[in-house]
Amino acid sequence: MIHTEFTSTTRRLRRDLPPMRLFEKAKRFGIWNPSDIDFSQDIQDWQHLNDDERDLVLRLTSLFQAGEEAVTLDLLPLIMTIAREGRIEEEMFLTTFLWEEAKHLDFFRRFLDDVAQVSGDLSHYHTANYRALFYEALPQAMGRLVTDSSPAAQAQASLTYNMIVEGVLAETGYHAYFTMLERNDLMPGQRQGVRLLKQDESRHIAYGVFLLSRLIAEDRELWDLIEQQMNELVVYAIGVIDDAFSSYETVPFGLVMDDFTSYALSQFQKRLERIERAKNQSLEELYISTQATIDSDDA
Ligand code: MN3
Ligand code: FE
């Protein structure tokens with residue numbers, strides 16, 4: 001591979017591109033330190049939870065901890081693919097993406113160490129649906145890019161990572177944390193961390209929506225494949241939610257499963273509709289409409 005141009009030679013740095021807008025936001029909102037979060041009240045609150053409540057908090061945290069670790073481990077092939085295509089604006093944003101995932105794993109590990117104080121094996125929380133996504137589908141889709149960087153392979157990677165794992169599962173997980181902890185005014189440190197991390201995640205998802213839309217705008221034929229694969233994978237994501245709820249006779253904190261499956265499905269539907277719009281857009285139209293959505297989001 002050789003370089004043929006730089007942003008100071010024959011091409012320009014396109015600050016109007018959606019990923020550059022996201023890069024600006026990442027520099028503004030993504031600079032927070034998990035080590036600065038004060039868990040002292042959380043440690044006290046943890047002492048007063050009953051067994052089932054602790055189990056649910058631990059379950060959710062263990063799914064997040066391993067999930068953040070998986071996305072940290074698996075992102076590199078996508079960054080490499082984008083870099084190889086010379087898409088400097090996208091790569092600049094992706095440098096913040098990987099760093100943020102590392103901080104998220106750091107954050108959840110801190111909660112396990114300092115608040116829940118567990119050092120043992122939490123893999124009993126990883127059900128077959130969870131494993132199908134995080135142990136298999138995600139690393140396989142991302143790893144495929146090492147030898148196959150075709151648009152179809154890029155689409156599979158992004159829909160698995162950004163749409164299903166981040167867009168459906170992680171978002172539903174934040175919703176669960178807030179419902180449990182906000183409603184009962186518990187664990188302010190955990191809530192603060194999850195709030196910050198949710199902002200980071202919304203940029204990651206926005207990038208995924210952009211990437212999939214760009215791939216569709218460049219090749220409309222990809223849409224059918226994307227829709228089909230997303231429909232296949234969402235079954236596992238709903239399965240993960242189902243597994244969590246069916247583990248309790250009475251679900252702690254008064255959570256109701258339907259709230260979460262319908263939340264997950266509406267997130268899924270919303271994203272699917274967003275990327276479908278790219279079927280009728282030129283690249284420049286896509287840049288303008290995506291940029292407007294990103295600028296109007298507050299984080
Ligand atoms: Mn994350
Ligand atoms: Fe993320």
# chains A, B, ... in the order shown; residues from 1 in each chain; ligands from 1
call {"tool": "residues_near_ligand", "arguments": {"ligand": "ligand 2", "cutoff": "10 Å", "atoms": "only C-alpha atoms and all ligand atoms", "output": "compact mmCIF listing (two decimals) with C-alpha atoms, in the first residue's frame"}}
result
# COMPACT_ATOMS: atom_id res chain seq x y z
CA GLY A 67 -20.07 -6.81 26.27
CA GLU A 68 -17.82 -3.74 26.54
CA VAL A 71 -16.57 -4.58 21.55
CA THR A 72 -13.13 -3.31 22.63
CA LEU A 75 -13.40 -3.17 16.77
CA PHE A 97 -14.61 5.10 19.53
CA LEU A 98 -12.12 2.43 20.57
CA TRP A 99 -10.80 4.53 23.45
CA GLU A 100 -14.34 5.03 24.74
CA GLU A 101 -15.12 1.31 24.63
CA ALA A 102 -11.97 0.68 26.68
CA HIS A 104 -16.57 1.55 29.40
CA TYR A 161 -21.89 -4.25 16.25
CA ASN A 162 -23.69 -0.89 15.95
CA VAL A 165 -25.19 -4.96 20.15
CA GLU A 166 -25.12 -1.19 20.72
CA GLY A 167 -28.40 -0.04 19.23
CA ALA A 170 -26.86 -1.69 25.16
CA LEU A 197 -21.42 6.18 28.69
CA LYS A 198 -24.83 6.38 27.06
CA GLN A 199 -23.76 9.68 25.44
CA ASP A 200 -20.63 8.00 24.07
CA GLU A 201 -22.74 5.14 22.80
CA SER A 202 -25.14 7.42 20.97
CA ARG A 203 -22.19 8.68 18.89
CA HIS A 204 -21.11 5.12 18.14
CA ILE A 205 -24.62 4.22 17.00
CA TYR A 207 -21.61 6.38 13.19
CA GLY A 208 -23.06 2.92 12.50
call {"tool": "residues_around", "arguments": {"residues": "Tyr130 in chain A", "least_positions_apart": "3", "cutoff": "9 Å", "atoms": "only C-alpha atoms", "output": "list in words"}}
result
Leu63, Tyr125, His126, Thr127, Leu133, Phe134, Tyr135, Tyr236, Ala237, Gly239, Val240 and Asp243 of chain A
call {"tool": "residues_around", "arguments": {"residues": "Ser150 in chain A", "least_positions_apart": "4", "cutoff": "12 Å", "atoms": "only C-alpha atoms", "output": "CSV table (one decimal) with C-alpha atoms, in the first residue's frame"}}
result
chain,number,residue,atom,x,y,z
A,78,LEU,CA,-13.2,-2.2,11.1
A,81,THR,CA,-10.7,-1.4,6.9
A,82,ILE,CA,-11.7,2.2,7.0
A,85,GLU,CA,-9.8,3.0,2.2
A,144,ARG,CA,-14.3,-11.5,8.8
A,145,LEU,CA,-13.0,-8.0,7.8
A,146,VAL,CA,-9.4,-9.2,8.3
A,154,GLN,CA,-18.5,-4.2,6.3
A,155,ALA,CA,-22.3,-4.1,6.4
A,156,GLN,CA,-22.5,-7.3,8.4
A,157,ALA,CA,-19.9,-6.0,10.8
A,215,LEU,CA,-22.9,1.5,2.1
A,219,ASP,CA,-24.9,0.1,-3.5
A,222,LEU,CA,-27.1,-4.2,0.0
call {"tool": "closest_residue", "arguments": {"among": "A:Leu265, A:Thr250, A:Ala141, A:Met20", "to": "Leu76 in chain A", "atoms": "only C-alpha atoms"}}
result
A:Ala141
call {"tool": "closest_residue", "arguments": {"among": "A:Val235, A:Ala70, A:Met257, A:Ala116", "to": "ligand 1", "atoms": "only C-alpha atoms and all ligand atoms"}}
result
A:Ala70
call {"tool": "select_by_dssp", "arguments": {"residues": "range 64-270 of chain A", "states": "helix (DSSP H, G or I)", "output": "PyMOL selection string"}}
result
chain A and resi 64-74+76-84+88-115+123-125+128-146+151-183+188-218+222-245+252-254+257-270
call {"tool": "residues_around", "arguments": {"residues": "Ser247 in chain A", "least_positions_apart": "5", "cutoff": "10 Å", "atoms": "only C-alpha atoms", "output": "PyMOL selection string"}}
result
chain A and resi 52+55-56+125+242
call {"tool": "atom_distance", "arguments": {"atom1": "CA of Pro77 in chain A", "atom2": "CA of Asp148 in chain A"}}
result
10.1 Å
call {"tool": "closest_residue", "arguments": {"among": "A:Leu17, A:Asp106, A:Asp36, A:Asp42", "to": "ligand 1", "atoms": "only C-alpha atoms and all ligand atoms"}}
result
A:Asp106
call {"tool": "closest_residue", "arguments": {"among": "A:Leu255, A:Ile294, A:Ala264, A:Met1", "to": "Asn184 in chain A", "atoms": "only C-alpha atoms"}}
result
A:Leu255
call {"tool": "closest_residue", "arguments": {"among": "A:Thr96, A:Gln190, A:Gln140, A:Ser119", "to": "ligand 1", "atoms": "only C-alpha atoms and all ligand atoms"}}
result
A:Thr96
call {"tool": "atom_distance", "arguments": {"atom1": "CA of Asp74 in chain A", "atom2": "CA of Leu105 in chain A"}}
result
13.1 Å
call {"tool": "closest_residue", "arguments": {"among": "A:Asp16, A:Glu171, A:Glu218, A:Asp185", "to": "ligand 1", "atoms": "only C-alpha atoms and all ligand atoms"}}
result
A:Glu171
call {"tool": "atom_distance", "arguments": {"atom1": "CA of Phe23 in chain A", "atom2": "CA of Pro139 in chain A"}}
result
25.2 Å
call {"tool": "decode", "arguments": {"residues": "range 104-123 of chain A", "atoms": "N, CA and C atoms", "output": "PDB file, in the first residue's frame"}}
result
ATOM      1  N   HIS A 104     -15.332   2.168  28.930  1.00  0.00           N
ATOM      2  CA  HIS A 104     -16.570   1.549  29.399  1.00  0.00           C
ATOM      3  C   HIS A 104     -16.281   0.231  30.113  1.00  0.00           C
ATOM      4  N   LEU A 105     -15.388  -0.521  29.556  1.00  0.00           N
ATOM      5  CA  LEU A 105     -15.037  -1.794  30.210  1.00  0.00           C
ATOM      6  C   LEU A 105     -14.351  -1.501  31.546  1.00  0.00           C
ATOM      7  N   ASP A 106     -13.505  -0.488  31.569  1.00  0.00           N
ATOM      8  CA  ASP A 106     -12.852  -0.027  32.787  1.00  0.00           C
ATOM      9  C   ASP A 106     -13.910   0.342  33.850  1.00  0.00           C
ATOM     10  N   PHE A 107     -14.917   1.092  33.417  1.00  0.00           N
ATOM     11  CA  PHE A 107     -15.966   1.548  34.318  1.00  0.00           C
ATOM     12  C   PHE A 107     -16.740   0.380  34.947  1.00  0.00           C
ATOM     13  N   PHE A 108     -17.198  -0.558  34.145  1.00  0.00           N
ATOM     14  CA  PHE A 108     -17.980  -1.679  34.699  1.00  0.00           C
ATOM     15  C   PHE A 108     -17.120  -2.595  35.568  1.00  0.00           C
ATOM     16  N   ARG A 109     -15.856  -2.735  35.194  1.00  0.00           N
ATOM     17  CA  ARG A 109     -14.954  -3.551  36.019  1.00  0.00           C
ATOM     18  C   ARG A 109     -14.756  -2.889  37.388  1.00  0.00           C
ATOM     19  N   ARG A 110     -14.683  -1.549  37.399  1.00  0.00           N
ATOM     20  CA  ARG A 110     -14.548  -0.829  38.671  1.00  0.00           C
ATOM     21  C   ARG A 110     -15.760  -1.067  39.557  1.00  0.00           C
ATOM     22  N   PHE A 111     -16.948  -1.049  38.961  1.00  0.00           N
ATOM     23  CA  PHE A 111     -18.154  -1.304  39.742  1.00  0.00           C
ATOM     24  C   PHE A 111     -18.101  -2.705  40.367  1.00  0.00           C
ATOM     25  N   LEU A 112     -17.695  -3.678  39.575  1.00  0.00           N
ATOM     26  CA  LEU A 112     -17.610  -5.047  40.106  1.00  0.00           C
ATOM     27  C   LEU A 112     -16.577  -5.139  41.229  1.00  0.00           C
ATOM     28  N   ASP A 113     -15.448  -4.462  41.065  1.00  0.00           N
ATOM     29  CA  ASP A 113     -14.379  -4.526  42.066  1.00  0.00           C
ATOM     30  C   ASP A 113     -14.721  -3.732  43.322  1.00  0.00           C
ATOM     31  N   ASP A 114     -15.198  -2.493  43.139  1.00  0.00           N
ATOM     32  CA  ASP A 114     -15.322  -1.584  44.281  1.00  0.00           C
ATOM     33  C   ASP A 114     -16.693  -1.632  44.943  1.00  0.00           C
ATOM     34  N   VAL A 115     -17.751  -1.818  44.159  1.00  0.00           N
ATOM     35  CA  VAL A 115     -19.092  -1.779  44.739  1.00  0.00           C
ATOM     36  C   VAL A 115     -19.584  -3.188  45.062  1.00  0.00           C
ATOM     37  N   ALA A 116     -19.701  -4.028  44.049  1.00  0.00           N
ATOM     38  CA  ALA A 116     -20.206  -5.387  44.283  1.00  0.00           C
ATOM     39  C   ALA A 116     -19.126  -6.276  44.910  1.00  0.00           C
ATOM     40  N   GLN A 117     -17.878  -5.880  44.727  1.00  0.00           N
ATOM     41  CA  GLN A 117     -16.737  -6.624  45.263  1.00  0.00           C
ATOM     42  C   GLN A 117     -16.783  -8.107  44.932  1.00  0.00           C
ATOM     43  N   VAL A 118     -16.920  -8.383  43.656  1.00  0.00           N
ATOM     44  CA  VAL A 118     -16.857  -9.773  43.193  1.00  0.00           C
ATOM     45  C   VAL A 118     -15.632  -9.965  42.313  1.00  0.00           C
ATOM     46  N   SER A 119     -14.939 -11.057  42.558  1.00  0.00           N
ATOM     47  CA  SER A 119     -13.760 -11.334  41.736  1.00  0.00           C
ATOM     48  C   SER A 119     -13.935 -12.653  40.988  1.00  0.00           C
ATOM     49  N   GLY A 120     -15.024 -13.376  41.298  1.00  0.00           N
ATOM     50  CA  GLY A 120     -15.213 -14.715  40.723  1.00  0.00           C
ATOM     51  C   GLY A 120     -15.731 -14.705  39.301  1.00  0.00           C
ATOM     52  N   ASP A 121     -16.026 -15.897  38.809  1.00  0.00           N
ATOM     53  CA  ASP A 121     -16.489 -16.123  37.439  1.00  0.00           C
ATOM     54  C   ASP A 121     -17.990 -15.818  37.332  1.00  0.00           C
ATOM     55  N   LEU A 122     -18.343 -14.856  36.495  1.00  0.00           N
ATOM     56  CA  LEU A 122     -19.751 -14.473  36.352  1.00  0.00           C
ATOM     57  C   LEU A 122     -20.380 -15.062  35.079  1.00  0.00           C
ATOM     58  N   SER A 123     -19.711 -16.037  34.487  1.00  0.00           N
ATOM     59  CA  SER A 123     -20.189 -16.539  33.187  1.00  0.00           C
ATOM     60  C   SER A 123     -21.523 -17.282  33.280  1.00  0.00           C
TER      61      SER A 123
END
